[in-house]
$ cat coords_18.pdb   # PDB, C-alpha atoms
ATOM      1  CA  MET A   1       0.000   0.000   0.000
ATOM      2  CA  VAL A   2       1.200   3.490  -0.799
ATOM      3  CA  ARG A   3       1.798   5.606   2.245
ATOM      4  CA  PRO A   4      -0.340   8.788   2.171
ATOM      5  CA  THR A   5       1.473  12.082   1.812
ATOM      6  CA  GLY A   6       0.514  15.646   2.539
ATOM      7  CA  GLY A   7      -1.851  16.781   5.275
ATOM      8  CA  GLY A   8      -1.948  19.855   7.436
ATOM      9  CA  GLY A   9       1.552  19.314   8.759
ATOM     10  CA  THR A  10       3.113  19.462   5.308
ATOM     11  CA  ARG A  11       0.848  22.012   3.643
ATOM     12  CA  GLY A  12       2.855  24.855   2.135
ATOM     13  CA  LYS A  13       6.189  23.145   2.677
ATOM     14  CA  ARG A  14       8.602  22.240  -0.091
ATOM     15  CA  VAL A  15       9.164  18.498  -0.351
ATOM     16  CA  SER A  16      12.560  17.542  -1.703
ATOM     17  CA  GLN A  17      12.659  14.825  -4.333
ATOM     18  CA  PRO A  18      14.716  11.834  -3.218
ATOM     19  CA  SER A  19      17.722  11.014  -5.336
ATOM     20  CA  ALA A  20      18.141   7.909  -7.455
ATOM     21  CA  GLN A  21      20.677   6.674  -4.903
ATOM     22  CA  GLU A  22      18.044   6.964  -2.162
ATOM     23  CA  LEU A  23      15.666   4.995  -4.343
ATOM     24  CA  MET A  24      18.235   2.241  -4.781
ATOM     25  CA  THR A  25      18.805   2.225  -1.022
ATOM     26  CA  ALA A  26      15.067   1.817  -0.512
ATOM     27  CA  VAL A  27      14.874  -1.190  -2.859
ATOM     28  CA  ALA A  28      18.244  -2.685  -1.930
ATOM     29  CA  GLY A  29      16.535  -5.279   0.212
ATOM     30  CA  GLN A  30      14.840  -6.697  -2.880
ATOM     31  CA  PHE A  31      18.126  -7.450  -4.660
ATOM     32  CA  GLY A  32      21.446  -8.949  -3.670
ATOM     33  CA  PRO A  33      24.794  -7.131  -4.020
ATOM     34  CA  ARG A  34      25.563  -8.844  -7.344
ATOM     35  CA  GLN A  35      22.208  -7.780  -8.756
ATOM     36  CA  LEU A  36      22.730  -4.174  -7.626
ATOM     37  CA  GLN A  37      26.222  -4.218  -9.106
ATOM     38  CA  GLY A  38      24.721  -5.475 -12.366
ATOM     39  CA  ILE A  39      22.118  -2.704 -12.416
ATOM     40  CA  THR A  40      24.914  -0.176 -11.897
ATOM     41  CA  GLN A  41      26.821  -1.688 -14.822
ATOM     42  CA  ILE A  42      23.796  -1.450 -17.096
ATOM     43  CA  THR A  43      22.687   2.070 -16.196
ATOM     44  CA  GLY A  44      26.045   3.722 -15.624
ATOM     45  CA  PRO A  45      27.608   5.287 -12.528
ATOM     46  CA  GLN A  46      25.517   6.552  -9.625
ATOM     47  CA  TYR A  47      22.310   5.049 -11.046
ATOM     48  CA  LYS A  48      21.760   8.234 -13.039
ATOM     49  CA  GLY A  49      19.346   6.505 -15.406
ATOM     50  CA  LEU A  50      16.955   5.371 -12.705
ATOM     51  CA  PRO A  51      13.754   7.224 -11.794
ATOM     52  CA  THR A  52      13.106   9.071  -8.573
ATOM     53  CA  ALA A  53       9.845   9.594  -6.717
ATOM     54  CA  SER A  54       8.331  12.550  -4.901
ATOM     55  CA  SER A  55       7.892  10.674  -1.644
ATOM     56  CA  TYR A  56       8.925   7.464   0.028
ATOM     57  CA  GLY A  57       5.336   6.293  -0.408
ATOM     58  CA  GLU A  58       6.089   5.834  -4.107
ATOM     59  CA  PHE A  59       9.215   3.855  -3.186
ATOM     60  CA  ASP A  60       6.951   1.464  -1.284
ATOM     61  CA  GLU A  61       4.733   1.056  -4.337
ATOM     62  CA  ILE A  62       7.669   0.273  -6.616
ATOM     63  CA  ILE A  63       8.866  -2.326  -4.110
ATOM     64  CA  SER A  64       5.427  -3.965  -4.095
ATOM     65  CA  LEU A  65       5.448  -4.070  -7.897
ATOM     66  CA  ILE A  66       8.914  -5.646  -7.920
ATOM     67  CA  LYS A  67       7.481  -8.449  -5.775
ATOM     68  CA  ASP A  68       4.442  -8.835  -8.048
ATOM     69  CA  LYS A  69       4.746 -11.993 -10.144
ATOM     70  CA  ASP A  70       3.257 -10.190 -13.170
ATOM     71  CA  THR A  71       6.321  -7.929 -13.308
ATOM     72  CA  MET A  72       8.290 -10.786 -14.868
ATOM     73  CA  LYS A  73       5.421 -11.912 -17.102
ATOM     74  CA  TYR A  74       7.137 -11.187 -20.428
ATOM     75  CA  PHE A  75      10.757 -11.756 -19.493
ATOM     76  CA  VAL A  76      12.425 -14.393 -21.679
ATOM     77  CA  LYS A  77      15.099 -16.337 -19.828
ATOM     78  CA  ASP A  78      16.703 -17.764 -22.979
ATOM     79  CA  GLN A  79      17.761 -14.783 -25.082
ATOM     80  CA  ASP A  80      18.377 -17.099 -28.048
ATOM     81  CA  GLN A  81      14.629 -17.647 -28.353
ATOM     82  CA  VAL A  82      14.145 -14.072 -29.542
ATOM     83  CA  GLY A  83      14.525 -13.403 -33.267
ATOM     84  CA  TYR A  84      14.434  -9.676 -33.897
ATOM     85  CA  ASN A  85      17.192 -10.091 -36.492
ATOM     86  CA  ASN A  86      14.870 -12.159 -38.632
ATOM     87  CA  TYR A  87      13.167  -9.101 -40.068
ATOM     88  CA  GLY A  88      16.024  -6.619 -40.246
ATOM     89  CA  GLU A  89      19.425  -5.886 -41.645
ATOM     90  CA  GLU A  90      22.196  -6.812 -39.245
ATOM     91  CA  PRO A  91      24.876  -4.174 -38.560
ATOM     92  CA  ASP A  92      28.149  -4.415 -40.450
ATOM     93  CA  MET A  93      31.320  -3.952 -38.391
ATOM     94  CA  GLN A  94      29.481  -2.069 -35.631
ATOM     95  CA  ASP A  95      30.229  -2.100 -31.922
ATOM     96  CA  GLU A  96      27.490  -4.409 -30.710
ATOM     97  CA  GLU A  97      27.800  -3.565 -27.019
ATOM     98  CA  PRO A  98      24.705  -1.845 -25.604
ATOM     99  CA  ALA A  99      24.689   1.891 -24.984
ATOM    100  CA  GLU A 100      24.358   3.125 -21.419
ATOM    101  CA  LEU A 101      20.666   3.035 -20.535
ATOM    102  CA  THR A 102      19.518   6.448 -19.360
ATOM    103  CA  VAL A 103      15.751   6.299 -20.039
ATOM    104  CA  VAL A 104      14.489   3.961 -17.338
ATOM    105  CA  PRO A 105      11.665   3.200 -17.769
ATOM    106  CA  THR A 106      10.542   4.207 -21.242
ATOM    107  CA  SER A 107       7.111   5.749 -21.757
ATOM    108  CA  THR A 108       4.334   3.728 -23.342
ATOM    109  CA  ILE A 109       0.667   4.019 -24.260
ATOM    110  CA  ASN A 110       0.113   0.477 -22.967
ATOM    111  CA  PRO A 111       1.878   0.039 -19.600
ATOM    112  CA  GLU A 112       0.535  -3.484 -19.129
ATOM    113  CA  ARG A 113       1.979  -4.642 -22.455
ATOM    114  CA  PRO A 114       4.684  -2.169 -23.506
ATOM    115  CA  ARG A 115       6.986  -2.795 -26.420
ATOM    116  CA  THR A 116      10.013  -1.359 -24.596
ATOM    117  CA  VAL A 117      11.048  -0.966 -20.961
ATOM    118  CA  ALA A 118      14.303   1.031 -21.208
ATOM    119  CA  ALA A 119      16.574   2.771 -23.705
ATOM    120  CA  GLY A 120      19.865   4.610 -24.057
ATOM    121  CA  TYR A 121      21.969   6.415 -26.639
ATOM    122  CA  ASP A 122      25.652   6.524 -27.557
ATOM    123  CA  LYS A 123      26.263   9.854 -29.283
ATOM    124  CA  LEU A 124      29.763   8.937 -30.428
ATOM    125  CA  GLU A 125      28.623   5.737 -32.130
ATOM    126  CA  GLN A 126      25.160   7.128 -32.987
ATOM    127  CA  LYS A 127      23.524   4.058 -31.566
ATOM    128  CA  ILE A 128      20.263   3.546 -29.671
ATOM    129  CA  THR A 129      19.934   0.552 -27.391
ATOM    130  CA  VAL A 130      16.403  -0.561 -26.548
ATOM    131  CA  VAL A 131      15.344  -3.155 -23.999
ATOM    132  CA  PHE A 132      12.182  -4.844 -25.219
ATOM    133  CA  ARG A 133       9.485  -6.189 -22.938
ATOM    134  CA  ASP A 134      10.821  -9.738 -23.261
ATOM    135  CA  GLY A 135      14.183  -8.604 -21.873
ATOM    136  CA  THR A 136      16.046  -8.449 -25.215
ATOM    137  CA  PHE A 137      18.760  -5.780 -25.535
ATOM    138  CA  TYR A 138      18.660  -4.510 -29.136
ATOM    139  CA  ASN A 139      20.731  -1.906 -31.012
ATOM    140  CA  TYR A 140      19.733   0.544 -33.764
ATOM    141  CA  TYR A 141      22.634   2.165 -35.633
ATOM    142  CA  GLU A 142      23.121   5.369 -37.660
ATOM    143  CA  VAL A 143      20.731   7.240 -35.355
ATOM    144  CA  SER A 144      21.362  10.983 -35.170
ATOM    145  CA  PRO A 145      21.130  12.974 -31.905
ATOM    146  CA  THR A 146      17.992  14.639 -33.285
ATOM    147  CA  GLU A 147      16.359  11.258 -33.838
ATOM    148  CA  TRP A 148      17.292  10.267 -30.302
ATOM    149  CA  GLN A 149      15.633  13.402 -28.937
ATOM    150  CA  ARG A 150      12.506  12.614 -30.944
ATOM    151  CA  PHE A 151      12.535   9.056 -29.647
ATOM    152  CA  LYS A 152      12.634  10.322 -26.066
ATOM    153  CA  ALA A 153       9.857  12.852 -26.726
ATOM    154  CA  VAL A 154       7.250  10.485 -28.158
ATOM    155  CA  VAL A 155       5.074   8.509 -25.757
ATOM    156  CA  SER A 156       4.741   5.407 -27.941
ATOM    157  CA  LYS A 157       8.269   4.092 -28.445
ATOM    158  CA  GLY A 158       6.967   1.120 -30.427
ATOM    159  CA  ARG A 159       5.334   3.307 -33.057
ATOM    160  CA  TYR A 160       8.486   5.396 -33.434
ATOM    161  CA  ILE A 161      10.595   2.266 -33.808
ATOM    162  CA  MET A 162       8.345   0.882 -36.539
ATOM    163  CA  ALA A 163       8.116   4.217 -38.377
ATOM    164  CA  TYR A 164      11.757   5.336 -38.214
ATOM    165  CA  LEU A 165      14.212   2.898 -36.631
ATOM    166  CA  ASP A 166      13.258  -0.365 -38.316
ATOM    167  CA  SER A 167      14.676   0.942 -41.589
ATOM    168  CA  LYS A 168      18.156   1.360 -40.040
ATOM    169  CA  PRO A 169      20.901  -1.231 -39.533
ATOM    170  CA  ARG A 170      20.092  -3.089 -36.351
ATOM    171  CA  GLY A 171      20.654  -6.251 -34.407
ATOM    172  CA  ASP A 172      20.926  -7.882 -30.992
ATOM    173  CA  ALA A 173      23.206  -6.080 -28.559
ATOM    174  CA  ASP A 174      26.101  -8.078 -27.152
ATOM    175  CA  VAL A 175      25.201  -8.606 -23.497
ATOM    176  CA  SER A 176      27.791 -11.305 -22.860
ATOM    177  CA  GLY A 177      29.419  -8.978 -20.329
ATOM    178  CA  MET A 178      26.211  -8.855 -18.248
ATOM    179  CA  SER A 179      25.053 -11.739 -16.147
ATOM    180  CA  GLN A 180      21.580 -13.154 -16.586
ATOM    181  CA  THR A 181      20.959 -12.315 -12.934
ATOM    182  CA  ALA A 182      21.816  -8.650 -13.523
ATOM    183  CA  ARG A 183      19.631  -8.412 -16.638
ATOM    184  CA  ARG A 184      16.765 -10.041 -14.791
ATOM    185  CA  ALA A 185      17.083  -7.631 -11.848
ATOM    186  CA  PHE A 186      17.290  -4.642 -14.194
ATOM    187  CA  TYR A 187      14.216  -5.776 -16.112
ATOM    188  CA  GLN A 188      12.306  -6.394 -12.893
ATOM    189  CA  PHE A 189      13.093  -2.920 -11.602
ATOM    190  CA  SER A 190      12.345  -1.227 -14.951
ATOM    191  CA  ARG A 191       8.975  -2.919 -15.364
ATOM    192  CA  ALA A 192       7.996  -2.137 -11.782
ATOM    193  CA  ALA A 193       8.812   1.541 -12.330
ATOM    194  CA  GLN A 194       6.977   1.536 -15.669
ATOM    195  CA  ARG A 195       3.842   0.116 -14.099
ATOM    196  CA  HIS A 196       4.139   2.556 -11.207
ATOM    197  CA  TYR A 197       4.259   5.535 -13.575
ATOM    198  CA  GLN A 198       1.392   4.077 -15.638
ATOM    199  CA  GLY A 199       3.580   4.316 -18.734
ATOM    200  CA  ARG A 200       4.228   8.055 -18.407
ATOM    201  CA  PRO A 201       7.360   8.675 -16.301
ATOM    202  CA  ASP A 202       7.838  11.963 -18.177
ATOM    203  CA  LYS A 203       4.603  13.273 -16.649
ATOM    204  CA  TYR A 204       5.247  12.109 -13.107
ATOM    205  CA  GLY A 205       5.558  14.892 -10.563
ATOM    206  CA  LYS A 206       4.347  17.644 -12.912
ATOM    207  CA  THR A 207       1.513  19.909 -11.852
ATOM    208  CA  PRO A 208      -1.711  18.858 -13.637
ATOM    209  CA  LYS A 209      -3.381  21.417 -15.865
ATOM    210  CA  PRO A 210      -6.431  23.042 -14.264
ATOM    211  CA  LYS A 211      -9.764  21.828 -15.559
ATOM    212  CA  LYS A 212     -11.942  24.273 -17.405
ATOM    213  CA  PRO A 213     -15.038  25.356 -15.470
TER     214      PRO A 213
END
$ encode --input "coords_18.pdb" --output "structure tokens"
Amino acid sequence: MVRPTGGGGTRGKRVSQPSAQELMTAVAGQFGPRQLQGITQITGPQYKGLPTASSYGEFDEIISLIKDKDTMKYFVKDQDQVGYNNYGEEPDMQDEEPAELTVVPTSTINPERPRTVAAGYDKLEQKITVVFRDGTFYNYYEVSPTEWQRFKAVVSKGRYIMAYLDSKPRGDADVSGMSQTARRAFYQFSRAAQRHYQGRPDKYGKTPKPKKP
């Protein structure tokens, strides 16, 4: 259950937004040290790609979603079962390692069945890495910084991928340097956050527009 916030005691006071590190501290009990180390490896230093919440009540909700068995509903344990390369052109002489994932989770118009759960961009290599809902890490190459900004801006990542990225060189990212345990923990956390934000992490914490009388 989400802890209620607000009330007379907090009215008019500024509430500081907990950092990503505080969020990881709050959920540390759900993962072992190797899993947390793996999440750090995937998202970069200091967990800078992970979401924050406006109160510790939201931390509690994310923890409950991590424990929910439906969070792992689409995760594919055997990455070899996935065949995204079957319909696309594989990259030629590209660095197949995944980019650092900084959009965690990705937005979606269907939070219960999203196409993606996380994404990141390597400006030097002009490469987008996407984590699909089945846990596959997938690269799209020859992606300009402008295209990356557009990708981040749209709510439906799946539609943008089909309209613009599927025509680019692409293929499975090389995740041999990441343990299955780390990928599983990262996916579990990303999906829990995505469900918590109802598919719109970009809108979380913003003041709603006033309704017209």
$ atom_distance --input "coords_18.pdb" --atom1 "atom CA of A:His196" --atom2 "atom CA of A:Pro105"
10.0 Å
$ residues_around --input "coords_18.pdb" --residues "A:Tyr187" --least-positions-apart "4" --cutoff "7 Å" --atoms "all atoms listed in the file" --output "list of chain:residue names"
A:Gly135, A:Arg183, A:Arg191
$ atom_distance --input "coords_18.pdb" --atom1 "atom CA of A:Gly171" --atom2 "atom CA of A:Asp202"
27.6 Å
$ atom_distance --input "coords_18.pdb" --atom1 "atom CA of A:Leu165" --atom2 "atom CA of A:Thr181"
29.0 Å
$ closest_residue --input "coords_18.pdb" --among "A:Lys203, A:Arg159, A:Lys73, A:Lys168" --to "A:Asn139" --atoms "all atoms listed in the file"
A:Lys168
$ residues_around --input "coords_18.pdb" --residues "stretch 128-134 of chain A" --least-positions-apart "5" --cutoff "8 Å" --atoms "all atoms listed in the file" --output "PDB file with C-alpha atoms, in the frame of the given file"
ATOM      1  CA  TYR A  74       7.137 -11.187 -20.428  1.00  0.00           C
ATOM      2  CA  PHE A  75      10.757 -11.756 -19.493  1.00  0.00           C
ATOM      3  CA  VAL A  76      12.425 -14.393 -21.679  1.00  0.00           C
ATOM      4  CA  PRO A  98      24.705  -1.845 -25.604  1.00  0.00           C
ATOM      5  CA  ALA A  99      24.689   1.891 -24.984  1.00  0.00           C
ATOM      6  CA  GLU A 100      24.358   3.125 -21.419  1.00  0.00           C
ATOM      7  CA  LEU A 101      20.666   3.035 -20.535  1.00  0.00           C
ATOM      8  CA  ARG A 113       1.979  -4.642 -22.455  1.00  0.00           C
ATOM      9  CA  PRO A 114       4.684  -2.169 -23.506  1.00  0.00           C
ATOM     10  CA  ARG A 115       6.986  -2.795 -26.420  1.00  0.00           C
ATOM     11  CA  THR A 116      10.013  -1.359 -24.596  1.00  0.00           C
ATOM     12  CA  VAL A 117      11.048  -0.966 -20.961  1.00  0.00           C
ATOM     13  CA  ALA A 118      14.303   1.031 -21.208  1.00  0.00           C
ATOM     14  CA  ALA A 119      16.574   2.771 -23.705  1.00  0.00           C
ATOM     15  CA  GLY A 120      19.865   4.610 -24.057  1.00  0.00           C
ATOM     16  CA  TYR A 121      21.969   6.415 -26.639  1.00  0.00           C
ATOM     17  CA  ASP A 122      25.652   6.524 -27.557  1.00  0.00           C
ATOM     18  CA  ASN A 139      20.731  -1.906 -31.012  1.00  0.00           C
ATOM     19  CA  TYR A 140      19.733   0.544 -33.764  1.00  0.00           C
ATOM     20  CA  TYR A 141      22.634   2.165 -35.633  1.00  0.00           C
ATOM     21  CA  VAL A 143      20.731   7.240 -35.355  1.00  0.00           C
ATOM     22  CA  TRP A 148      17.292  10.267 -30.302  1.00  0.00           C
ATOM     23  CA  ALA A 173      23.206  -6.080 -28.559  1.00  0.00           C
TER      24      ALA A 173
END
$ closest_residue --input "coords_18.pdb" --among "A:Ser190, A:Met72, A:Gly199, A:Ile161" --to "A:Gly49" --atoms "all atoms listed in the file"
A:Ser190
